[in-house]
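What follows is a short report on a single structure.
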Amino acid sequence: EADLLFTFMPPGSEELALSGIGDVCSNEMPIWGGSTADNVLRSDQGGQSWQLHGSKETGWAATPDNFTVAALCLNVDANVHWCMAKCYGPKKFTGTVTRASGRIIHEIDKSPAEEVYKEWIHASDVSEEDDVQNLPLAKQSARFPLAIEEDVAALRMLHVRSVTPSKGLECFSNIICDDIGGGAEGLKVHLLDCKPSDLFGTVAGSLRKAMSLANFEVKGCLLELCVVFT
């Protein structure tokens with residue numbers, strides 16, 4: 001079995017892809033990767049997300065809406081450590097999920113989730129140059145993602161993918177993880193923010209944290225960064 005998997009897939013299929021990996025790999029398999037998408041995230045049209053795959057020996061190809069996996073097998077004496085961090089911090093806006101299902105937050109504080117989300121963004125301290133209100137939803141969500149408070153010490157980030165006809169917020173992942181049990185109703189949801197001026201300092205801090213946690217001499221690193229700014 002491989003030591004590490006890199007995966008890339010279209011948005012909306014993440015849980016199914018991970019479930020498929022679980023059918024053939026052990027539960028201890030580390031998986032890294034992300035969802036491929038543009039700034040529009042058209043959920044009603046196929047072929048909008050594509051993956052590049054191949055090698056020097058086999059050649060390269062770009063195919064739409066596929067699930068790509070690269071398996072990494074390490075030398076016996078190789079040491080690997082990974083660390084996951086986010087470039088975002090919570091703002092003062094917090095609400096309670098009052099209705100949710102699957103990937104969709106329907107209501108926050110008994111109001112349509114989209115309306116609450118827009119109110120939070122509008123009330124945030126942003127400069128006129130940012131013009132966040134007129135950005136596509138994908139860029140708004142990249143600047144201001146949400147986070148579910150699964151316990152008092154942990155926030156799990158949620159990027160908004162689209163708005164439902166009933167003004168709910170469809171996210172890139174399920175609102176709750178299967179292992180915490182229960183429904184999402186009653187959980188706290190927070191608005192997060194990351195200023196462009198904070199980005200490089202946050203990334204440098206994340207790298208220092210990862211290196212400090214490794215109990216061996218670090219020879220190199222792979223940084224996967226997901227963030228969008230205008």
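As shown in the structure tokens, the chain order sets the letters A, B, ...; within each chain, residues go from 1, and ligands are also counted from 1 in the order they appear.
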From a DSSP pass on the backbone, collect the residues of chain A flagged as strand (DSSP E) and hand them back as a VMD selection string. chain A and resid 4 to 9 31 to 35 50 to 55 59 to 64 68 to 72 89 to 101 104 to 108 111 to 112 146 to 151 154 to 158 160 to 163 169 to 171 188 to 193
Review point. Which residues come within 7 Å of Gly186 of chain A, counting only C-alpha atoms, excluding same-chain residues fewer than 3 positions away, as a PyMOL selection string?
Key: chain A and resi 96-98
Please produce a file of the residues just selected, as a PDB file, in the first residue's frame, where the atoms kept are N, CA and C atoms.
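Full text of out_18.pdb as output:
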```pdb
ATOM      1  N   THR A  96     -26.038  30.779  15.150  1.00  0.00           N
ATOM      2  CA  THR A  96     -26.366  29.383  15.446  1.00  0.00           C
ATOM      3  C   THR A  96     -27.072  28.774  14.248  1.00  0.00           C
ATOM      4  N   VAL A  97     -26.607  27.603  13.836  1.00  0.00           N
ATOM      5  CA  VAL A  97     -27.268  26.875  12.747  1.00  0.00           C
ATOM      6  C   VAL A  97     -28.611  26.368  13.261  1.00  0.00           C
ATOM      7  N   THR A  98     -29.691  26.846  12.648  1.00  0.00           N
ATOM      8  CA  THR A  98     -31.025  26.421  13.086  1.00  0.00           C
ATOM      9  C   THR A  98     -31.670  25.440  12.117  1.00  0.00           C
TER      10      THR A  98
END
```
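Take the candidates A:Ser166, A:Val76, A:Gly54, A:Cys83 and check each one against Gly205 of chain A using only C-alpha atoms; the shortest distance goes to A:Cys83.
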Per residue of segment 105-124 of chain A within 10 Å of segment 138-161 of chain A, note the shortest atom pair and the distance in Å to one decimal, counting only C-alpha atoms, and order the rows by chain and increasing residue number, as JSON lines.
```
{"residue": "A:Ile105", "atom": "CA", "partner": "A:Val160", "partner_atom": "CA", "distance": 9.6}
{"residue": "A:Glu114", "atom": "CA", "partner": "A:Val160", "partner_atom": "CA", "distance": 9.9}
{"residue": "A:Tyr117", "atom": "CA", "partner": "A:Leu146", "partner_atom": "CA", "distance": 8.8}
{"residue": "A:Lys118", "atom": "CA", "partner": "A:Gln140", "partner_atom": "CA", "distance": 9.6}
{"residue": "A:Trp120", "atom": "CA", "partner": "A:Phe144", "partner_atom": "CA", "distance": 9.3}
{"residue": "A:Ile121", "atom": "CA", "partner": "A:Phe144", "partner_atom": "CA", "distance": 7.3}
{"residue": "A:Ser124", "atom": "CA", "partner": "A:Phe144", "partner_atom": "CA", "distance": 9.6}
```
Computed gap from atom CA of Pro10 of chain A to atom CA of Val116 of chain A is 27.6 Å
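Taking atom CA of Val80 of chain A and atom CA of Arg208 of chain A as the two end points, the separation is 15.4 Å.
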Pick out the residues sitting within 7 Å of Leu4 of chain A, and hand them over as a PyMOL selection string; count only C-alpha atoms, and ignore anything fewer than 5 positions along from it in its own chain. chain A and resi 29-31+71-73
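The nearest approach to Ser111 of chain A among the residues A:Ser162, A:Asn215, A:Arg99, A:Leu191, with only C-alpha atoms taken into account, belongs to A:Arg99.
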Those of segment 4-227 of chain A in DSSP alpha helix (DSSP H), formatted as a ChimeraX atom specification: /A:14-24,113-123,137-143,196-213
Would you write out those residues with C-alpha atoms, as a compact mmCIF listing (two decimals), in the first residue's frame?
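Output below, filename part-v4.txt:
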```
# COMPACT_ATOMS: atom_id res chain seq x y z
CA GLU A 14 -15.32 14.90 -2.25
CA GLU A 15 -17.11 12.61 0.21
CA LEU A 16 -17.82 10.03 -2.52
CA ALA A 17 -14.17 10.08 -3.62
CA LEU A 18 -12.90 9.62 -0.06
CA SER A 19 -15.40 6.82 0.47
CA GLY A 20 -14.06 5.09 -2.64
CA ILE A 21 -10.50 5.40 -1.40
CA GLY A 22 -11.65 3.90 1.91
CA ASP A 23 -12.93 0.83 0.05
CA VAL A 24 -9.43 -0.07 -1.18
CA ALA A 113 -28.43 31.66 5.66
CA GLU A 114 -27.58 33.74 2.57
CA GLU A 115 -29.13 36.87 4.08
CA VAL A 116 -27.16 36.45 7.32
CA TYR A 117 -23.94 35.78 5.40
CA LYS A 118 -24.39 38.94 3.31
CA GLU A 119 -25.17 41.02 6.40
CA TRP A 120 -21.98 39.80 8.06
CA ILE A 121 -19.83 40.60 5.03
CA HIS A 122 -21.46 44.03 4.61
CA ALA A 123 -20.78 44.88 8.27
CA LEU A 137 -19.57 34.31 -4.67
CA ALA A 138 -16.47 32.10 -4.95
CA LYS A 139 -14.19 35.06 -4.24
CA GLN A 140 -16.40 36.30 -1.42
CA SER A 141 -16.21 32.87 0.16
CA ALA A 142 -12.43 32.74 -0.32
CA ARG A 143 -12.09 36.05 1.52
CA PRO A 196 -4.00 40.06 1.89
CA SER A 197 -1.45 41.83 4.10
CA ASP A 198 -1.64 38.96 6.61
CA LEU A 199 -1.12 36.16 4.10
CA PHE A 200 2.66 35.89 3.82
CA GLY A 201 3.20 36.21 7.55
CA THR A 202 0.61 33.50 8.21
CA VAL A 203 2.19 31.14 5.66
CA ALA A 204 5.64 31.70 7.14
CA GLY A 205 4.27 31.01 10.61
CA SER A 206 2.63 27.78 9.39
CA LEU A 207 5.93 26.59 7.89
CA ARG A 208 7.80 27.36 11.10
CA LYS A 209 5.17 25.46 13.08
CA ALA A 210 5.43 22.42 10.79
CA MET A 211 9.23 22.35 11.04
CA SER A 212 9.16 22.69 14.82
CA LEU A 213 6.83 19.70 15.12
```
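Going from atom CA of Lys91 of chain A over to atom CA of Val189 of chain A, you cover 11.1 Å.
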